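Pasting target_17.txt here (compact mmCIF, C-alpha atoms):
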# COMPACT_ATOMS: atom_id res chain seq x y z
CA MET R 1 -2.14 8.79 -3.99
CA PHE R 2 -2.34 11.88 -1.90
CA THR R 3 -0.85 15.10 -3.26
CA SER R 4 -0.76 18.53 -1.71
CA SER R 5 -2.52 20.06 -4.70
CA ALA R 6 -5.28 17.47 -4.67
CA LEU R 7 -5.91 17.62 -0.93
CA GLY R 8 -5.55 21.32 -0.37
CA ALA R 9 -2.41 21.06 1.76
CA SER R 10 -0.16 24.09 1.26
CA ALA R 11 3.05 25.27 2.78
CA MET R 12 2.86 28.47 4.89
CA PRO R 13 5.89 30.56 3.86
CA VAL R 14 7.47 32.91 6.35
CA GLU R 15 7.54 36.38 4.87
CA SER R 16 9.77 39.19 5.98
CA ILE R 17 8.27 42.63 5.37
CA ILE R 18 10.67 45.55 5.12
CA GLU R 19 9.46 49.06 4.58
CA PRO R 20 12.40 51.32 3.78
CA LEU R 21 11.49 54.82 2.60
CA GLY R 22 7.76 54.00 2.79
CA GLU R 23 8.00 51.21 0.20
CA CYS R 24 6.86 47.66 1.07
CA ILE R 25 9.29 44.98 -0.09
CA VAL R 26 8.33 41.34 0.48
CA ALA R 27 11.27 38.96 0.82
CA MET R 28 11.03 35.55 -0.82
CA PRO R 29 10.77 32.60 1.67
CA ASN R 30 13.90 30.57 2.22
CA ARG R 31 13.26 27.07 0.83
CA HIS R 32 15.73 25.41 3.19
CA ASP R 33 14.06 27.05 6.20
CA GLU R 34 10.67 25.93 4.94
CA GLU R 35 11.81 22.33 4.45
CA ALA R 36 13.43 22.32 7.88
CA GLY R 37 10.14 23.57 9.33
CA ASP R 38 8.31 20.67 7.67
CA ARG R 39 10.76 18.22 9.20
CA ARG R 40 10.25 19.74 12.64
CA CYS R 41 6.47 19.88 12.20
CA PRO R 42 5.30 16.72 10.38
CA GLU R 43 1.68 17.80 10.84
CA ARG R 44 2.32 20.33 8.07
CA THR R 45 2.83 17.53 5.53
CA VAL R 46 -0.04 15.62 3.91
CA LEU R 47 1.13 12.36 5.47
CA GLY R 48 1.43 14.03 8.87
CA ARG R 49 -2.11 15.37 8.60
CA VAL R 50 -3.44 11.95 7.59
CA ALA R 51 -1.63 10.42 10.57
CA SER R 52 -3.17 12.98 12.93
CA ILE R 53 -6.65 12.15 11.59
CA MET R 54 -6.15 8.41 12.12
CA GLU R 55 -4.72 8.97 15.60
CA ALA R 56 -7.84 10.93 16.53
CA PHE R 57 -9.74 7.61 16.52
CA ASN R 58 -7.45 6.27 19.25
CA GLY R 59 -9.78 7.55 21.98
CA GLY R 60 -13.01 6.10 23.30
CA GLN R 61 -15.30 7.38 20.52
CA GLN R 62 -15.83 5.09 17.54
CA VAL R 63 -17.50 7.82 15.46
CA LEU R 64 -16.08 11.33 15.16
CA SER R 65 -17.78 14.31 13.55
CA LEU R 66 -15.91 16.83 11.42
CA GLY R 67 -15.94 19.13 14.44
CA ASP R 68 -14.47 16.40 16.66
CA LEU R 69 -11.70 15.78 14.15
CA SER R 70 -10.96 19.48 13.90
CA GLU R 71 -10.70 19.75 17.68
CA CYS R 72 -8.43 16.69 17.91
CA THR R 73 -6.14 17.57 15.01
CA GLY R 74 -6.22 21.34 14.95
CA LEU R 75 -6.85 21.22 11.21
CA PRO R 76 -9.43 23.41 9.47
CA LYS R 77 -12.70 21.71 8.56
CA SER R 78 -12.21 22.38 4.84
CA THR R 79 -8.89 20.52 4.86
CA LEU R 80 -10.34 17.72 6.98
CA HIS R 81 -13.28 17.30 4.62
CA ARG R 82 -10.99 16.86 1.61
CA LEU R 83 -8.65 14.46 3.42
CA ALA R 84 -11.52 12.43 4.87
CA ASP R 85 -13.02 12.03 1.39
CA GLN R 86 -9.69 10.65 0.14
CA LEU R 87 -9.43 8.30 3.12
CA CYS R 88 -12.95 7.04 2.44
CA GLN R 89 -11.98 6.26 -1.15
CA VAL R 90 -9.15 3.95 -0.03
CA GLY R 91 -11.21 2.38 2.76
CA TRP R 92 -9.19 3.65 5.73
CA VAL R 93 -12.18 5.68 6.93
CA GLU R 94 -15.91 5.11 6.45
CA ARG R 95 -18.77 7.58 6.57
CA ASP R 96 -21.28 7.25 9.39
CA PRO R 97 -24.51 9.20 10.09
CA GLY R 98 -22.65 10.83 12.98
CA GLY R 99 -19.48 11.56 11.02
CA TYR R 100 -16.61 9.14 10.33
CA ARG R 101 -15.35 5.83 11.71
CA VAL R 102 -12.26 3.68 11.07
CA GLY R 103 -12.73 1.70 7.84
CA MET R 104 -12.68 -2.05 7.49
CA ARG R 105 -9.73 -1.89 5.10
CA LEU R 106 -7.51 -0.47 7.84
CA PHE R 107 -8.74 -3.17 10.20
CA GLU R 108 -7.92 -5.83 7.59
CA LEU R 109 -4.41 -4.47 7.12
CA GLY R 110 -3.79 -4.42 10.86
CA THR R 111 -5.04 -7.97 11.23
CA LEU R 112 -2.89 -9.02 8.29
CA ALA R 113 0.21 -7.62 9.96
CA VAL R 114 -0.46 -9.26 13.34
CA GLU R 115 -1.49 -12.64 11.97
CA GLY R 116 1.30 -12.58 9.38
CA ASN R 117 3.96 -12.07 12.06
CA ARG R 118 2.57 -14.90 14.19
CA LEU R 119 2.33 -17.22 11.23
CA GLN R 120 5.87 -16.43 10.14
CA GLU R 121 7.22 -17.12 13.63
CA ALA R 122 5.34 -20.42 13.89
CA ALA R 123 6.32 -21.56 10.39
CA PHE R 124 10.03 -20.75 10.26
CA PRO R 125 11.49 -23.98 11.76
CA HIS R 126 9.11 -26.07 9.67
CA LEU R 127 10.17 -24.25 6.50
CA GLN R 128 13.79 -25.00 7.31
CA ALA R 129 12.98 -28.67 7.77
CA LEU R 130 10.99 -28.73 4.50
CA ALA R 131 13.86 -27.18 2.54
CA THR R 132 16.31 -29.70 4.03
CA LYS R 133 14.05 -32.68 3.31
CA THR R 134 13.26 -31.76 -0.31
CA GLY R 135 16.49 -30.01 -1.28
CA MET R 136 14.37 -27.22 -2.75
CA SER R 137 13.51 -23.69 -1.69
CA ALA R 138 10.59 -23.41 0.75
CA GLN R 139 8.23 -20.43 0.84
CA LEU R 140 5.40 -19.18 3.05
CA GLY R 141 2.68 -16.90 1.73
CA ILE R 142 -0.67 -15.35 2.53
CA LEU R 143 -3.33 -13.92 0.25
CA ASP R 144 -4.14 -10.21 0.06
CA GLN R 145 -6.98 -9.58 -2.38
CA ALA R 146 -5.81 -11.24 -5.63
CA GLU R 147 -2.10 -11.34 -4.76
CA VAL R 148 0.21 -13.56 -2.77
CA VAL R 149 2.37 -11.83 -0.17
CA TYR R 150 5.57 -13.75 0.61
CA LEU R 151 6.12 -13.80 4.37
CA GLU R 152 9.20 -16.01 4.44
CA ARG R 153 11.43 -18.12 2.23
CA ILE R 154 14.33 -20.50 2.71
CA VAL R 155 16.55 -20.61 -0.38
CA VAL R 156 18.52 -23.79 -1.09
CA GLY R 157 21.50 -24.05 -3.42
CA GLN R 158 22.63 -21.55 -6.02
CA PHE R 159 19.32 -21.25 -7.82
CA ARG R 160 17.98 -17.70 -7.53
CA LEU R 161 14.27 -17.24 -6.91
CA PRO R 162 12.46 -14.28 -8.52
CA THR R 163 10.62 -13.66 -5.25
CA ARG R 164 11.52 -11.82 -2.08
CA ARG R 165 10.29 -11.61 1.48
CA GLY R 166 7.51 -9.02 1.54
CA GLY R 167 7.10 -9.22 -2.23
CA ARG R 168 3.92 -9.92 -4.13
CA LYS R 169 2.86 -12.04 -7.09
CA PRO R 170 -0.51 -12.61 -8.76
CA ALA R 171 -2.36 -15.49 -7.13
CA TYR R 172 -3.73 -17.01 -10.35
CA CYS R 173 -0.32 -18.18 -11.62
CA THR R 174 1.26 -19.27 -8.32
CA ALA R 175 0.82 -22.50 -6.38
CA LEU R 176 0.70 -20.56 -3.11
CA GLY R 177 -2.09 -18.34 -4.38
CA LYS R 178 -4.13 -21.21 -5.75
CA ALA R 179 -3.71 -23.25 -2.55
CA ILE R 180 -5.17 -20.43 -0.44
CA ALA R 181 -7.85 -19.15 -2.81
CA ALA R 182 -9.31 -22.62 -3.41
CA PHE R 183 -10.82 -22.65 0.09
CA ASP R 184 -12.37 -19.16 0.03
CA ASP R 185 -15.27 -18.38 -2.32
CA GLU R 186 -14.73 -14.62 -2.06
CA ALA R 187 -11.04 -15.05 -2.85
CA ILE R 188 -11.96 -17.16 -5.89
CA ARG R 189 -14.24 -14.36 -7.09
CA LEU R 190 -11.51 -11.74 -6.62
CA VAL R 191 -8.81 -13.80 -8.31
CA THR R 192 -10.91 -14.87 -11.30
CA SER R 193 -12.34 -11.37 -11.82
CA SER R 194 -8.92 -9.71 -11.81
CA GLY R 195 -6.78 -9.50 -14.89
CA MET R 196 -5.05 -12.77 -15.78
CA PRO R 197 -2.42 -11.90 -18.39
CA ARG R 198 -0.33 -14.70 -19.86
CA LYS R 199 3.11 -15.07 -18.22
CA THR R 200 4.24 -18.23 -20.00
CA ALA R 201 2.80 -20.79 -22.40
CA ASN R 202 1.47 -22.69 -19.36
CA THR R 203 -0.35 -19.80 -17.68
CA ILE R 204 -4.05 -20.31 -17.01
CA THR R 205 -5.73 -17.17 -18.35
CA GLU R 206 -9.41 -18.15 -18.53
CA PRO R 207 -11.53 -17.70 -15.36
CA LEU R 208 -13.52 -20.90 -16.00
CA ALA R 209 -10.34 -22.94 -16.40
CA LEU R 210 -8.92 -21.45 -13.20
CA ARG R 211 -12.12 -22.28 -11.31
CA ARG R 212 -11.78 -25.90 -12.46
CA GLU R 213 -8.18 -25.86 -11.28
CA LEU R 214 -9.18 -24.48 -7.88
CA ASN R 215 -11.90 -27.11 -7.52
CA ARG R 216 -9.25 -29.77 -8.09
CA VAL R 217 -7.04 -28.13 -5.45
CA ARG R 218 -9.96 -28.31 -3.03
CA GLU R 219 -10.35 -32.02 -3.70
CA VAL R 220 -6.71 -33.10 -3.39
CA GLY R 221 -5.40 -30.43 -0.98
CA VAL R 222 -2.36 -29.56 -3.08
CA ALA R 223 -1.80 -26.86 -5.73
CA PHE R 224 0.68 -26.87 -8.58
CA ASP R 225 2.47 -24.22 -10.59
CA ARG R 226 3.70 -25.98 -13.72
CA GLY R 227 5.85 -23.17 -15.01
CA GLU R 228 2.88 -20.80 -15.08
CA ALA R 229 4.65 -17.73 -13.69
CA TYR R 230 8.19 -18.50 -14.90
CA GLU R 231 8.94 -21.13 -17.51
CA GLU R 232 11.97 -22.54 -15.72
CA LEU R 233 10.32 -22.76 -12.28
CA VAL R 234 7.70 -25.16 -10.88
CA CYS R 235 6.08 -25.21 -7.48
CA VAL R 236 3.96 -27.40 -5.19
CA ALA R 237 1.95 -25.80 -2.36
CA ALA R 238 -0.44 -26.89 0.37
CA PRO R 239 -2.91 -24.70 2.30
CA ILE R 240 -2.41 -24.04 6.01
CA ARG R 241 -5.89 -24.62 7.38
CA GLY R 242 -8.11 -26.59 9.70
CA SER R 243 -11.67 -27.16 8.51
CA GLY R 244 -12.31 -23.68 7.12
CA ARG R 245 -10.49 -21.11 5.05
CA ALA R 246 -6.73 -21.24 4.66
CA ILE R 247 -4.70 -18.73 6.68
CA GLY R 248 -1.75 -19.15 4.32
CA ALA R 249 0.12 -21.73 2.30
CA VAL R 250 3.54 -23.36 2.19
CA SER R 251 5.39 -24.41 -0.95
CA VAL R 252 8.56 -25.88 -2.40
CA THR R 253 9.97 -24.32 -5.55
CA GLY R 254 12.74 -25.17 -7.96
CA PRO R 255 13.75 -26.07 -11.51
CA ALA R 256 11.29 -28.31 -13.34
CA GLY R 257 13.87 -31.06 -13.90
CA ARG R 258 14.52 -31.43 -10.16
CA MET R 259 10.92 -31.54 -8.93
CA ARG R 260 9.76 -34.89 -7.52
CA TRP R 261 6.04 -34.18 -7.57
CA GLY R 262 4.81 -37.01 -5.36
CA MET R 263 7.41 -36.55 -2.63
CA ALA R 264 7.00 -32.76 -2.71
CA SER R 265 3.21 -33.05 -2.43
CA GLU R 266 3.44 -35.22 0.67
CA ALA R 267 6.13 -32.99 2.19
CA VAL R 268 4.18 -29.73 1.81
CA ARG R 269 0.99 -31.36 3.13
CA ASN R 270 2.77 -32.55 6.26
CA THR R 271 4.50 -29.20 6.70
CA ALA R 272 1.22 -27.30 6.33
CA VAL R 273 -0.33 -29.42 9.10
CA ALA R 274 2.68 -28.84 11.35
CA ILE R 275 2.54 -25.06 10.74
CA TRP R 276 -1.20 -25.00 11.43
CA ASN R 277 -0.70 -26.76 14.75
CA ALA R 278 2.20 -24.49 15.68
CA SER R 279 0.23 -21.40 14.65
CA PHE R 280 -2.74 -22.53 16.74
CA ARG R 281 -0.47 -22.85 19.77
CA CYS R 282 0.88 -19.34 19.15
CA ARG R 283 -2.65 -17.91 18.95
CA SER R 284 -3.70 -19.77 22.11
CA ALA R 285 -0.68 -18.44 23.98
CA GLY R 286 -1.73 -14.87 23.19
CA PRO R 287 0.49 -11.80 22.85
CA ARG R 288 3.89 -11.69 24.48
CA THR R 289 4.43 -9.45 27.45
Any chance you could put this one into structure tokens?
Amino acid sequence: MFTSSALGASAMPVESIIEPLGECIVAMPNRHDEEAGDRRCPERTVLGRVASIMEAFNGGQQVLSLGDLSECTGLPKSTLHRLADQLCQVGWVERDPGGYRVGMRLFELGTLAVEGNRLQEAAFPHLQALATKTGMSAQLGILDQAEVVYLERIVVGQFRLPTRRGGRKPAYCTALGKAIAAFDDEAIRLVTSSGMPRKTANTITEPLALRRELNRVREVGVAFDRGEAYEELVCVAAPIRGSGRAIGAVSVTGPAGRMRWGMASEAVRNTAVAIWNASFRCRSAGPRT
């Protein structure tokens, strides 16, 4: 987290100097004026300075030296050096022999946003059909590191889900997370090496046991959450994929007593295929104009 004290960002107070009778009296800065100045000049804030650094890479040069950044942003090199170090730590910027370049983490986040929007658009009508067919809530998710990000959900009936659009849950105890991670060796490593605290009596907390579970998901193409995140909720999910890694997963969720496992498994498999085909058509069509 960036803070003004940590990054060397400081407000520049406006001082009024009055010299009656040869004495120098310095007036205290008006806080409201200072805050209004920050609102008018966002580059004075830490976030504004970070934004100006990232926007400097919007030109033709892939690598910018500290001098280049100073010229583009108007910030002193000492401030830039501190901010660039912080940006390197979070992966938004990477060091290069010639200076700095945009980091892979920022590229990943941008790709996640673009692909997530396309996937959500392609999946929505199929999620509605899945919820109608099964009488249970349907959800769409993608994997970000060791967490599931919920892109969309269709809630059926009065049962309240403890998830929300844009929310996150650990992948190890969710059917969506397991369905995606099972087809990505790096994702398996991330998920099994992250903390796996017990949520319920059914939670898988041992990495070896989770690996066995993910191997089974790979074999049958369906993942289950048997009350592993919430005791009263169960879930069936299928990966959205062709022959490689999954780009996401689709699930049905509801109370354990209402789940028809066989029917739900077939339904999410068919829906995942339909979403994959629809998503492929969206990607082939390219961006809208």
Self-check item: Selected residue of minimal separation from R:Asp225 among R:Glu186, R:Glu121, R:Glu213, R:Glu152, counting all atoms listed in the file
Solution: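 Between R:Glu186, R:Glu121, R:Glu213, R:Glu152, the residue approaching R:Asp225 most closely is R:Glu213.
Restricting the calculation to all atoms listed in the file, the smallest distance between R:Ile154 and any of R:Arg245, R:Lys178, R:Lys169, R:His126 is found for R:His126.
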Quiz item: Please, what distance in Å, to one decimal, runs between atom CA of R:Trp261 and atom CA of R:Gly135?
Solution: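 Separation of atom CA of R:Trp261 and atom CA of R:Gly135: 12.9 Å.
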Please give the centre and size of the box around stretch 58-68 of chain R (axis-aligned, containing every atom listed in the file, 5 Å added per side), with values in Å to one decimal and written as JSON.
{"center_x": -12.6, "center_y": 12.1, "center_z": 17.4, "size_x": 20.3, "size_y": 24.0, "size_z": 21.9}
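Distances here use only C-alpha atoms; by that measure, the residue among R:Met104, R:Met259, R:Val63, R:Leu119 closest to R:Ala278 is R:Leu119.
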Quiz item: Near stretch 227-235 of chain R, counting all atoms listed in the file, which residues have an atom at most 9 Å away, once you skip same-chain residues fewer than 5 positions from it, shown as a ChimeraX atom specification?
Solution: /R:161-162,169-170,172-176,198-204,251-257,259,261,264
Quiz prompt | Selection near R:Gly91, 7 Å with all atoms listed in the file, sequence-local residues under 6 positions removed, as a list in words | solution =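 Those residues are Gly103, Met104, Arg105 and Leu106 of chain R.
Between atom CA of R:Ala123 and atom CA of R:Gln145 there is a distance of 22.0 Å.
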Quiz item: Rounded to one decimal in Å, what is the spacing between atom CA of R:Arg211 and atom CA of R:Leu140?
Solution: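 One can read the atom CA of R:Arg211 to atom CA of R:Leu140 distance as 22.9 Å.
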Quiz item: So which one's closest to R:Arg101, R:Gly242, R:Leu66, R:Gln128, R:Lys77? Using all atoms listed in the file, please.
Solution: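 Of R:Gly242, R:Leu66, R:Gln128, R:Lys77, the one nearest R:Arg101, counting all atoms listed in the file, is R:Leu66.
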